[in-house]
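Next comes coords33.pdb, with PDB, C-alpha atoms and all ligand atoms.
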```
MODEL        1
ATOM      1  CA  MET M   1     136.777  94.678  88.109  1.00  0.00           C
ATOM      2  CA  LYS M   2     136.046  91.745  90.418  1.00  0.00           C
ATOM      3  CA  LEU M   3     132.949  92.553  92.337  1.00  0.00           C
ATOM      4  CA  ILE M   4     130.472  91.006  94.782  1.00  0.00           C
ATOM      5  CA  LEU M   5     126.899  92.249  95.183  1.00  0.00           C
ATOM      6  CA  ILE M   6     125.592  91.242  98.582  1.00  0.00           C
ATOM      7  CA  GLY M   7     122.140  91.786 100.072  1.00  0.00           C
ATOM      8  CA  PRO M   8     118.949  89.969 101.059  1.00  0.00           C
ATOM      9  CA  PRO M   9     116.631  88.383  98.481  1.00  0.00           C
ATOM     10  CA  GLY M  10     114.753  91.153  96.664  1.00  0.00           C
ATOM     11  CA  ALA M  11     117.406  93.811  97.346  1.00  0.00           C
ATOM     12  CA  GLY M  12     117.892  94.300  93.602  1.00  0.00           C
ATOM     13  CA  LYS M  13     121.194  92.459  93.128  1.00  0.00           C
ATOM     14  CA  GLY M  14     120.104  90.817  89.871  1.00  0.00           C
ATOM     15  CA  THR M  15     118.676  94.026  88.423  1.00  0.00           C
ATOM     16  CA  GLN M  16     121.757  96.038  89.303  1.00  0.00           C
ATOM     17  CA  ALA M  17     124.112  93.286  88.116  1.00  0.00           C
ATOM     18  CA  GLU M  18     122.365  93.334  84.748  1.00  0.00           C
ATOM     19  CA  ARG M  19     123.001  97.073  84.463  1.00  0.00           C
ATOM     20  CA  LEU M  20     126.639  96.629  85.472  1.00  0.00           C
ATOM     21  CA  ILE M  21     127.160  93.999  82.769  1.00  0.00           C
ATOM     22  CA  GLN M  22     126.460  96.735  80.212  1.00  0.00           C
ATOM     23  CA  ALA M  23     128.471  99.408  82.016  1.00  0.00           C
ATOM     24  CA  LEU M  24     131.559  97.337  82.842  1.00  0.00           C
ATOM     25  CA  GLY M  25     131.546  94.730  80.056  1.00  0.00           C
ATOM     26  CA  ILE M  26     132.015  91.829  82.473  1.00  0.00           C
ATOM     27  CA  PRO M  27     129.711  88.853  83.140  1.00  0.00           C
ATOM     28  CA  GLN M  28     127.238  88.405  85.985  1.00  0.00           C
ATOM     29  CA  LEU M  29     127.693  85.156  87.898  1.00  0.00           C
ATOM     30  CA  SER M  30     124.432  84.385  89.678  1.00  0.00           C
ATOM     31  CA  THR M  31     124.597  81.128  91.623  1.00  0.00           C
ATOM     32  CA  GLY M  32     120.777  81.200  91.898  1.00  0.00           C
ATOM     33  CA  ASP M  33     120.501  81.282  88.074  1.00  0.00           C
ATOM     34  CA  MET M  34     123.133  78.540  87.721  1.00  0.00           C
ATOM     35  CA  LEU M  35     121.325  76.313  90.222  1.00  0.00           C
ATOM     36  CA  ARG M  36     117.893  76.943  88.635  1.00  0.00           C
ATOM     37  CA  ALA M  37     119.384  75.983  85.252  1.00  0.00           C
ATOM     38  CA  ALA M  38     120.770  72.786  86.809  1.00  0.00           C
ATOM     39  CA  VAL M  39     117.340  71.988  88.305  1.00  0.00           C
ATOM     40  CA  THR M  40     115.653  72.507  84.917  1.00  0.00           C
ATOM     41  CA  ALA M  41     118.272  70.362  83.181  1.00  0.00           C
ATOM     42  CA  GLY M  42     117.905  67.635  85.830  1.00  0.00           C
ATOM     43  CA  THR M  43     121.669  67.342  86.418  1.00  0.00           C
ATOM     44  CA  PRO M  44     123.012  65.722  89.637  1.00  0.00           C
ATOM     45  CA  VAL M  45     123.619  69.241  91.041  1.00  0.00           C
ATOM     46  CA  GLY M  46     120.048  70.198  90.144  1.00  0.00           C
ATOM     47  CA  LYS M  47     118.641  67.080  91.780  1.00  0.00           C
ATOM     48  CA  ALA M  48     120.551  67.826  94.984  1.00  0.00           C
ATOM     49  CA  ALA M  49     119.513  71.503  94.970  1.00  0.00           C
ATOM     50  CA  ASP M  50     115.815  71.374  94.041  1.00  0.00           C
ATOM     51  CA  ALA M  51     114.117  70.660  97.390  1.00  0.00           C
ATOM     52  CA  VAL M  52     116.598  72.801  99.341  1.00  0.00           C
ATOM     53  CA  MET M  53     115.868  75.807  97.119  1.00  0.00           C
ATOM     54  CA  LYS M  54     112.092  75.329  97.369  1.00  0.00           C
ATOM     55  CA  ALA M  55     112.452  75.396 101.182  1.00  0.00           C
ATOM     56  CA  GLY M  56     114.419  78.665 101.047  1.00  0.00           C
ATOM     57  CA  LYS M  57     117.490  76.987 102.571  1.00  0.00           C
ATOM     58  CA  LEU M  58     121.066  77.033 101.298  1.00  0.00           C
ATOM     59  CA  VAL M  59     122.493  74.452  98.921  1.00  0.00           C
ATOM     60  CA  SER M  60     125.635  72.853 100.387  1.00  0.00           C
ATOM     61  CA  ASP M  61     128.847  74.855 100.296  1.00  0.00           C
ATOM     62  CA  ASP M  62     130.692  72.027  98.504  1.00  0.00           C
ATOM     63  CA  ILE M  63     128.238  71.992  95.600  1.00  0.00           C
ATOM     64  CA  VAL M  64     128.081  75.756  95.174  1.00  0.00           C
ATOM     65  CA  ASN M  65     131.832  76.269  95.554  1.00  0.00           C
ATOM     66  CA  ALA M  66     132.500  73.673  92.835  1.00  0.00           C
ATOM     67  CA  VAL M  67     129.987  75.316  90.475  1.00  0.00           C
ATOM     68  CA  VAL M  68     131.555  78.755  90.983  1.00  0.00           C
ATOM     69  CA  ASP M  69     135.138  77.528  90.771  1.00  0.00           C
ATOM     70  CA  GLU M  70     134.403  75.975  87.377  1.00  0.00           C
ATOM     71  CA  ARG M  71     132.647  79.127  86.149  1.00  0.00           C
ATOM     72  CA  LEU M  72     135.494  81.426  87.279  1.00  0.00           C
ATOM     73  CA  ALA M  73     137.896  79.439  85.101  1.00  0.00           C
ATOM     74  CA  ALA M  74     135.970  80.395  81.931  1.00  0.00           C
ATOM     75  CA  PRO M  75     137.756  82.865  79.620  1.00  0.00           C
ATOM     76  CA  ASP M  76     135.022  85.529  79.896  1.00  0.00           C
ATOM     77  CA  CYS M  77     135.837  85.934  83.607  1.00  0.00           C
ATOM     78  CA  ALA M  78     139.465  86.876  82.957  1.00  0.00           C
ATOM     79  CA  LYS M  79     138.745  90.643  82.865  1.00  0.00           C
ATOM     80  CA  GLY M  80     136.416  90.530  85.848  1.00  0.00           C
ATOM     81  CA  PHE M  81     132.975  89.453  87.032  1.00  0.00           C
ATOM     82  CA  ILE M  82     130.017  90.430  89.168  1.00  0.00           C
ATOM     83  CA  LEU M  83     129.123  87.783  91.725  1.00  0.00           C
ATOM     84  CA  ASP M  84     125.417  87.888  92.578  1.00  0.00           C
ATOM     85  CA  GLY M  85     124.246  85.602  95.391  1.00  0.00           C
ATOM     86  CA  TYR M  86     127.690  84.191  96.142  1.00  0.00           C
ATOM     87  CA  PRO M  87     129.357  83.888  98.595  1.00  0.00           C
ATOM     88  CA  ARG M  88     126.495  83.324 101.041  1.00  0.00           C
ATOM     89  CA  THR M  89     128.417  81.777 103.950  1.00  0.00           C
ATOM     90  CA  LEU M  90     131.799  82.346 105.563  1.00  0.00           C
ATOM     91  CA  VAL M  91     132.901  78.933 104.235  1.00  0.00           C
ATOM     92  CA  GLN M  92     132.047  80.113 100.702  1.00  0.00           C
ATOM     93  CA  ALA M  93     133.878  83.419 101.254  1.00  0.00           C
ATOM     94  CA  ASP M  94     137.022  81.525 102.264  1.00  0.00           C
ATOM     95  CA  ALA M  95     136.648  79.164  99.290  1.00  0.00           C
ATOM     96  CA  LEU M  96     136.305  82.126  96.917  1.00  0.00           C
ATOM     97  CA  LYS M  97     139.382  83.761  98.389  1.00  0.00           C
ATOM     98  CA  ALA M  98     141.374  80.549  97.918  1.00  0.00           C
ATOM     99  CA  ALA M  99     140.078  79.953  94.373  1.00  0.00           C
ATOM    100  CA  MET M 100     140.994  83.504  93.361  1.00  0.00           C
ATOM    101  CA  ALA M 101     144.372  83.399  95.099  1.00  0.00           C
ATOM    102  CA  ALA M 102     145.180  80.198  93.187  1.00  0.00           C
ATOM    103  CA  ARG M 103     144.747  82.262  89.982  1.00  0.00           C
ATOM    104  CA  GLY M 104     146.718  85.217  91.368  1.00  0.00           C
ATOM    105  CA  GLU M 105     143.508  87.269  91.661  1.00  0.00           C
ATOM    106  CA  SER M 106     141.788  89.193  94.429  1.00  0.00           C
ATOM    107  CA  LEU M 107     138.484  90.993  94.920  1.00  0.00           C
ATOM    108  CA  ASP M 108     138.205  94.700  94.158  1.00  0.00           C
ATOM    109  CA  LEU M 109     135.000  95.578  95.956  1.00  0.00           C
ATOM    110  CA  VAL M 110     131.948  94.222  97.800  1.00  0.00           C
ATOM    111  CA  ILE M 111     128.762  96.257  97.478  1.00  0.00           C
ATOM    112  CA  GLU M 112     126.072  95.701 100.094  1.00  0.00           C
ATOM    113  CA  ILE M 113     122.555  96.735  99.013  1.00  0.00           C
ATOM    114  CA  THR M 114     120.288  97.434 102.012  1.00  0.00           C
ATOM    115  CA  VAL M 115     116.456  97.338 101.914  1.00  0.00           C
ATOM    116  CA  ASP M 116     113.816  97.195 104.704  1.00  0.00           C
ATOM    117  CA  ASP M 117     112.410  93.692 105.363  1.00  0.00           C
ATOM    118  CA  ALA M 118     108.732  94.629 104.746  1.00  0.00           C
ATOM    119  CA  VAL M 119     109.659  96.011 101.330  1.00  0.00           C
ATOM    120  CA  LEU M 120     111.661  92.868 100.506  1.00  0.00           C
ATOM    121  CA  VAL M 121     108.721  90.537 101.180  1.00  0.00           C
ATOM    122  CA  ASP M 122     106.436  92.686  99.009  1.00  0.00           C
ATOM    123  CA  ARG M 123     108.984  92.941  96.189  1.00  0.00           C
ATOM    124  CA  VAL M 124     109.681  89.221  96.075  1.00  0.00           C
ATOM    125  CA  SER M 125     106.133  87.925  96.463  1.00  0.00           C
ATOM    126  CA  GLY M 126     104.946  90.091  93.542  1.00  0.00           C
ATOM    127  CA  ARG M 127     107.916  89.355  91.288  1.00  0.00           C
ATOM    128  CA  TYR M 128     107.701  87.542  87.936  1.00  0.00           C
ATOM    129  CA  SER M 129     109.724  87.603  84.739  1.00  0.00           C
ATOM    130  CA  CYS M 130     109.482  87.163  81.012  1.00  0.00           C
ATOM    131  CA  GLY M 131     109.906  83.485  80.126  1.00  0.00           C
ATOM    132  CA  SER M 132     111.774  84.430  76.990  1.00  0.00           C
ATOM    133  CA  CYS M 133     114.210  87.301  77.762  1.00  0.00           C
ATOM    134  CA  GLY M 134     114.127  87.322  81.595  1.00  0.00           C
ATOM    135  CA  ALA M 135     112.952  90.950  81.997  1.00  0.00           C
ATOM    136  CA  VAL M 136     111.647  91.323  85.552  1.00  0.00           C
ATOM    137  CA  TYR M 137     108.173  92.669  86.457  1.00  0.00           C
ATOM    138  CA  HIS M 138     106.044  93.121  89.596  1.00  0.00           C
ATOM    139  CA  ASP M 139     102.286  92.577  90.119  1.00  0.00           C
ATOM    140  CA  THR M 140     101.690  96.119  91.382  1.00  0.00           C
ATOM    141  CA  THR M 141     104.788  98.287  91.002  1.00  0.00           C
ATOM    142  CA  HIS M 142     106.092  97.342  87.554  1.00  0.00           C
ATOM    143  CA  ARG M 143     103.608  95.788  85.137  1.00  0.00           C
ATOM    144  CA  PRO M 144     104.297  95.526  81.389  1.00  0.00           C
ATOM    145  CA  LYS M 145     103.015  98.571  79.446  1.00  0.00           C
ATOM    146  CA  VAL M 146     100.655  96.287  77.526  1.00  0.00           C
ATOM    147  CA  ASP M 147      99.169  93.680  79.869  1.00  0.00           C
ATOM    148  CA  GLY M 148     100.513  90.197  79.099  1.00  0.00           C
ATOM    149  CA  THR M 149     103.206  91.389  76.650  1.00  0.00           C
ATOM    150  CA  CYS M 150     106.870  91.782  77.607  1.00  0.00           C
ATOM    151  CA  ASP M 151     108.060  95.392  77.074  1.00  0.00           C
ATOM    152  CA  ARG M 152     111.512  94.230  76.037  1.00  0.00           C
ATOM    153  CA  CYS M 153     110.940  91.310  73.643  1.00  0.00           C
ATOM    154  CA  GLY M 154     107.161  91.140  73.025  1.00  0.00           C
ATOM    155  CA  SER M 155     106.821  87.592  74.399  1.00  0.00           C
ATOM    156  CA  SER M 156     103.546  86.655  76.094  1.00  0.00           C
ATOM    157  CA  THR M 157     105.041  83.914  78.303  1.00  0.00           C
ATOM    158  CA  PHE M 158     105.842  84.807  81.890  1.00  0.00           C
ATOM    159  CA  LYS M 159     107.168  82.764  84.804  1.00  0.00           C
ATOM    160  CA  ARG M 160     107.334  83.016  88.565  1.00  0.00           C
ATOM    161  CA  ARG M 161     110.120  81.476  90.665  1.00  0.00           C
ATOM    162  CA  ALA M 162     108.985  78.564  92.855  1.00  0.00           C
ATOM    163  CA  ASP M 163     110.603  80.237  95.893  1.00  0.00           C
ATOM    164  CA  ASP M 164     109.151  83.731  95.297  1.00  0.00           C
ATOM    165  CA  ASN M 165     106.239  83.531  97.738  1.00  0.00           C
ATOM    166  CA  ALA M 166     105.708  85.118 101.148  1.00  0.00           C
ATOM    167  CA  GLU M 167     106.179  81.867 103.112  1.00  0.00           C
ATOM    168  CA  THR M 168     109.458  80.766 101.484  1.00  0.00           C
ATOM    169  CA  MET M 169     110.626  84.371 101.543  1.00  0.00           C
ATOM    170  CA  ARG M 170     110.474  84.409 105.354  1.00  0.00           C
ATOM    171  CA  SER M 171     112.734  81.349 105.424  1.00  0.00           C
ATOM    172  CA  ARG M 172     115.097  82.933 102.855  1.00  0.00           C
ATOM    173  CA  LEU M 173     115.327  86.110 104.932  1.00  0.00           C
ATOM    174  CA  MET M 174     116.107  84.162 108.109  1.00  0.00           C
ATOM    175  CA  THR M 175     118.755  82.227 106.211  1.00  0.00           C
ATOM    176  CA  TYR M 176     120.200  85.509 104.965  1.00  0.00           C
ATOM    177  CA  TYR M 177     120.500  87.045 108.429  1.00  0.00           C
ATOM    178  CA  ARG M 178     121.859  83.847 109.997  1.00  0.00           C
ATOM    179  CA  GLU M 179     124.288  82.623 107.312  1.00  0.00           C
ATOM    180  CA  THR M 180     125.080  85.540 104.993  1.00  0.00           C
ATOM    181  CA  SER M 181     125.005  88.743 107.055  1.00  0.00           C
ATOM    182  CA  PRO M 182     128.252  87.791 108.903  1.00  0.00           C
ATOM    183  CA  LEU M 183     129.979  88.379 105.549  1.00  0.00           C
ATOM    184  CA  ILE M 184     129.289  92.107 105.922  1.00  0.00           C
ATOM    185  CA  GLY M 185     131.711  92.236 108.864  1.00  0.00           C
ATOM    186  CA  TYR M 186     134.125  89.890 107.092  1.00  0.00           C
ATOM    187  CA  TYR M 187     134.459  92.167 104.042  1.00  0.00           C
ATOM    188  CA  HIS M 188     134.323  95.355 106.116  1.00  0.00           C
ATOM    189  CA  ALA M 189     137.350  94.116 108.059  1.00  0.00           C
ATOM    190  CA  LEU M 190     139.159  93.594 104.751  1.00  0.00           C
ATOM    191  CA  GLY M 191     138.375  97.198 103.726  1.00  0.00           C
ATOM    192  CA  LEU M 192     136.395  96.009 100.704  1.00  0.00           C
ATOM    193  CA  LEU M 193     132.818  96.853 101.743  1.00  0.00           C
ATOM    194  CA  ARG M 194     130.717  99.744 100.388  1.00  0.00           C
ATOM    195  CA  ARG M 195     127.100 100.129 101.535  1.00  0.00           C
ATOM    196  CA  VAL M 196     124.409 101.379  99.156  1.00  0.00           C
ATOM    197  CA  ASP M 197     120.779 102.308 100.004  1.00  0.00           C
ATOM    198  CA  GLY M 198     118.594  99.991  97.940  1.00  0.00           C
ATOM    199  CA  MET M 199     115.264 101.654  98.843  1.00  0.00           C
ATOM    200  CA  GLY M 200     115.325 104.181  95.974  1.00  0.00           C
ATOM    201  CA  THR M 201     114.383 103.762  92.320  1.00  0.00           C
ATOM    202  CA  MET M 202     116.474 101.462  90.115  1.00  0.00           C
ATOM    203  CA  ASP M 203     118.192 104.541  88.638  1.00  0.00           C
ATOM    204  CA  GLU M 204     118.962 105.982  92.076  1.00  0.00           C
ATOM    205  CA  VAL M 205     120.463 102.682  93.229  1.00  0.00           C
ATOM    206  CA  SER M 206     122.488 102.408  89.994  1.00  0.00           C
ATOM    207  CA  ALA M 207     123.826 105.925  90.547  1.00  0.00           C
ATOM    208  CA  ALA M 208     124.812 105.077  94.133  1.00  0.00           C
ATOM    209  CA  ILE M 209     126.602 101.939  92.943  1.00  0.00           C
ATOM    210  CA  SER M 210     128.456 103.872  90.225  1.00  0.00           C
ATOM    211  CA  LYS M 211     129.587 106.325  92.904  1.00  0.00           C
ATOM    212  CA  ALA M 212     130.775 103.466  95.127  1.00  0.00           C
ATOM    213  CA  LEU M 213     132.734 102.129  92.154  1.00  0.00           C
ATOM    214  CA  GLY M 214     134.322 105.556  91.704  1.00  0.00           C
ATOM    215  CA  ARG M 215     132.758 106.001  88.270  1.00  0.00           C
TER     216      ARG M 215
HETATM  217  P1  LIG M 301     118.889  83.559  94.492  1.00  0.00           P
HETATM  218  O1  LIG M 301     118.482  83.475  93.054  1.00  0.00           O
HETATM  219  O2  LIG M 301     120.236  84.171  94.676  1.00  0.00           O
HETATM  220  O3  LIG M 301     117.833  84.212  95.352  1.00  0.00           O
HETATM  221  O4  LIG M 301     119.032  82.056  95.006  1.00  0.00           O
HETATM  222  C1  LIG M 301     117.919  81.180  95.022  1.00  0.00           C
HETATM  223  C2  LIG M 301     118.228  79.965  95.892  1.00  0.00           C
HETATM  224  O5  LIG M 301     119.339  79.250  95.331  1.00  0.00           O
HETATM  225  C3  LIG M 301     118.637  80.267  97.318  1.00  0.00           C
HETATM  226  O6  LIG M 301     117.527  80.490  98.188  1.00  0.00           O
HETATM  227  C4  LIG M 301     119.422  79.016  97.673  1.00  0.00           C
HETATM  228  O7  LIG M 301     118.561  77.924  97.933  1.00  0.00           O
HETATM  229  C5  LIG M 301     120.159  78.715  96.372  1.00  0.00           C
HETATM  230  N1  LIG M 301     121.477  79.421  96.320  1.00  0.00           N
HETATM  231  C6  LIG M 301     121.831  80.423  95.470  1.00  0.00           C
HETATM  232  N2  LIG M 301     123.090  80.828  95.696  1.00  0.00           N
HETATM  233  C7  LIG M 301     123.536  80.057  96.731  1.00  0.00           C
HETATM  234  C8  LIG M 301     124.758  80.008  97.443  1.00  0.00           C
HETATM  235  N3  LIG M 301     125.767  80.843  97.170  1.00  0.00           N
HETATM  236  N4  LIG M 301     124.860  79.092  98.435  1.00  0.00           N
HETATM  237  C9  LIG M 301     123.863  78.239  98.728  1.00  0.00           C
HETATM  238  N5  LIG M 301     122.675  78.252  98.113  1.00  0.00           N
HETATM  239  C10 LIG M 301     122.507  79.149  97.110  1.00  0.00           C
ENDMDL
END
```

Translate the structure described by the file into structure tokens.
Amino acid sequence: MKLILIGPPGAGKGTQAERLIQALGIPQLSTGDMLRAAVTAGTPVGKAADAVMKAGKLVSDDIVNAVVDERLAAPDCAKGFILDGYPRTLVQADALKAAMAARGESLDLVIEITVDDAVLVDRVSGRYSCGSCGAVYHDTTHRPKVDGTCDRCGSSTFKRRADDNAETMRSRLMTYYRETSPLIGYYHALGLLRRVDGMGTMDEVSAAISKALGR
């Protein structure tokens, strides 16, 4: 299964991708995670991406396309993958199509997760995660059962993304509507798009995605 999850920041792409990894046995390819890792490692890609990410803008198509192309060539992607946060522009969508065609592959499905803007800003500005296992929490809607201790791994270290604040979020949302939302029409025209309501609980959204996948 070769799948794209598309939706604005905070729509739940990462959370749902994590669930799909278990269900489908294929890897999640998050360009945001790859770029954050590059920033932390201080690689040339990370150095080019750091300030752009903090401003809530898009890293250049050339950089991101090269990162994804390399990742798609890895053996664990042979059976399929879940792209989360890529493509984000029409140029990236064309590059993905070409990279897959060069391997004799094509996309199976694009799932759009829709969520109201006001909810997105609240979700993202309250979001933080376990510094050890990555489990995601929220200041008001999803706190650990024991304050300061991760439910999943017991770690007491938590982190917040530099771009998860209300101000940067407004810029990220504008970028989404300007650069990424045209992809909805692009994939709809190809007959690949399925739309899922992302306003429900995580379980409700997972169920809707399973239905869209015909499972
Ligand atoms: P995300 O984790 O998907 O919310 O991405 C965080 C940030 O990484 C974005 O706001 C962009 O600055 C950058 N980024 C992630 N994926 C892409 C992409 N496909 N194209 C350009 N920039 C990206």

**Selection as a VMD selection string: residues within 9 Å of ligand LIG 301 (chain M) by only C-alpha atoms and all ligand atoms** = chain M and resid 8 to 10 13 to 14 30 to 36 49 to 61 63 to 65 68 84 to 89 92 161 163 to 164 168 to 169 171 to 172 175 to 176

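Considering the residues M:Arg143, M:Ile111, M:Pro27, M:Pro44 and counting all atoms listed in the file, Ala212 (chain M) has its shortest atom-to-atom contact with M:Ile111.
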
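Neighbouring residues of region 78-81 of chain M at 9 Å or closer, counting all atoms listed in the file and skipping chain neighbours under 3 positions away, are Met1, Lys2, Leu3, Ile4, Ile21, Leu24, Gly25, Ile26, Pro27, Gln28, Leu29, Leu72, Ala73, Ala74 and Pro75 of chain M.
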
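The two atoms in question, CA of Val67 (chain M) and CA of Leu213 (chain M), are spaced 27.0 Å apart.
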
**Surrounding residues of region 185-187 of chain M excluding itself and chain neighbours under 6 positions, 9 Å, all atoms listed in the file, as a list in words** = Leu90, Ala93, Leu109, Val110 and Leu193 of chain M

Writer output for current selection, C-alpha atoms, as a PDB file, in the frame of the given file:
```
ATOM      1  CA  LEU M  90     131.799  82.346 105.563  1.00  0.00           C
ATOM      2  CA  ALA M  93     133.878  83.419 101.254  1.00  0.00           C
ATOM      3  CA  LEU M 109     135.000  95.578  95.956  1.00  0.00           C
ATOM      4  CA  VAL M 110     131.948  94.222  97.800  1.00  0.00           C
ATOM      5  CA  LEU M 193     132.818  96.853 101.743  1.00  0.00           C
TER       6      LEU M 193
END
```
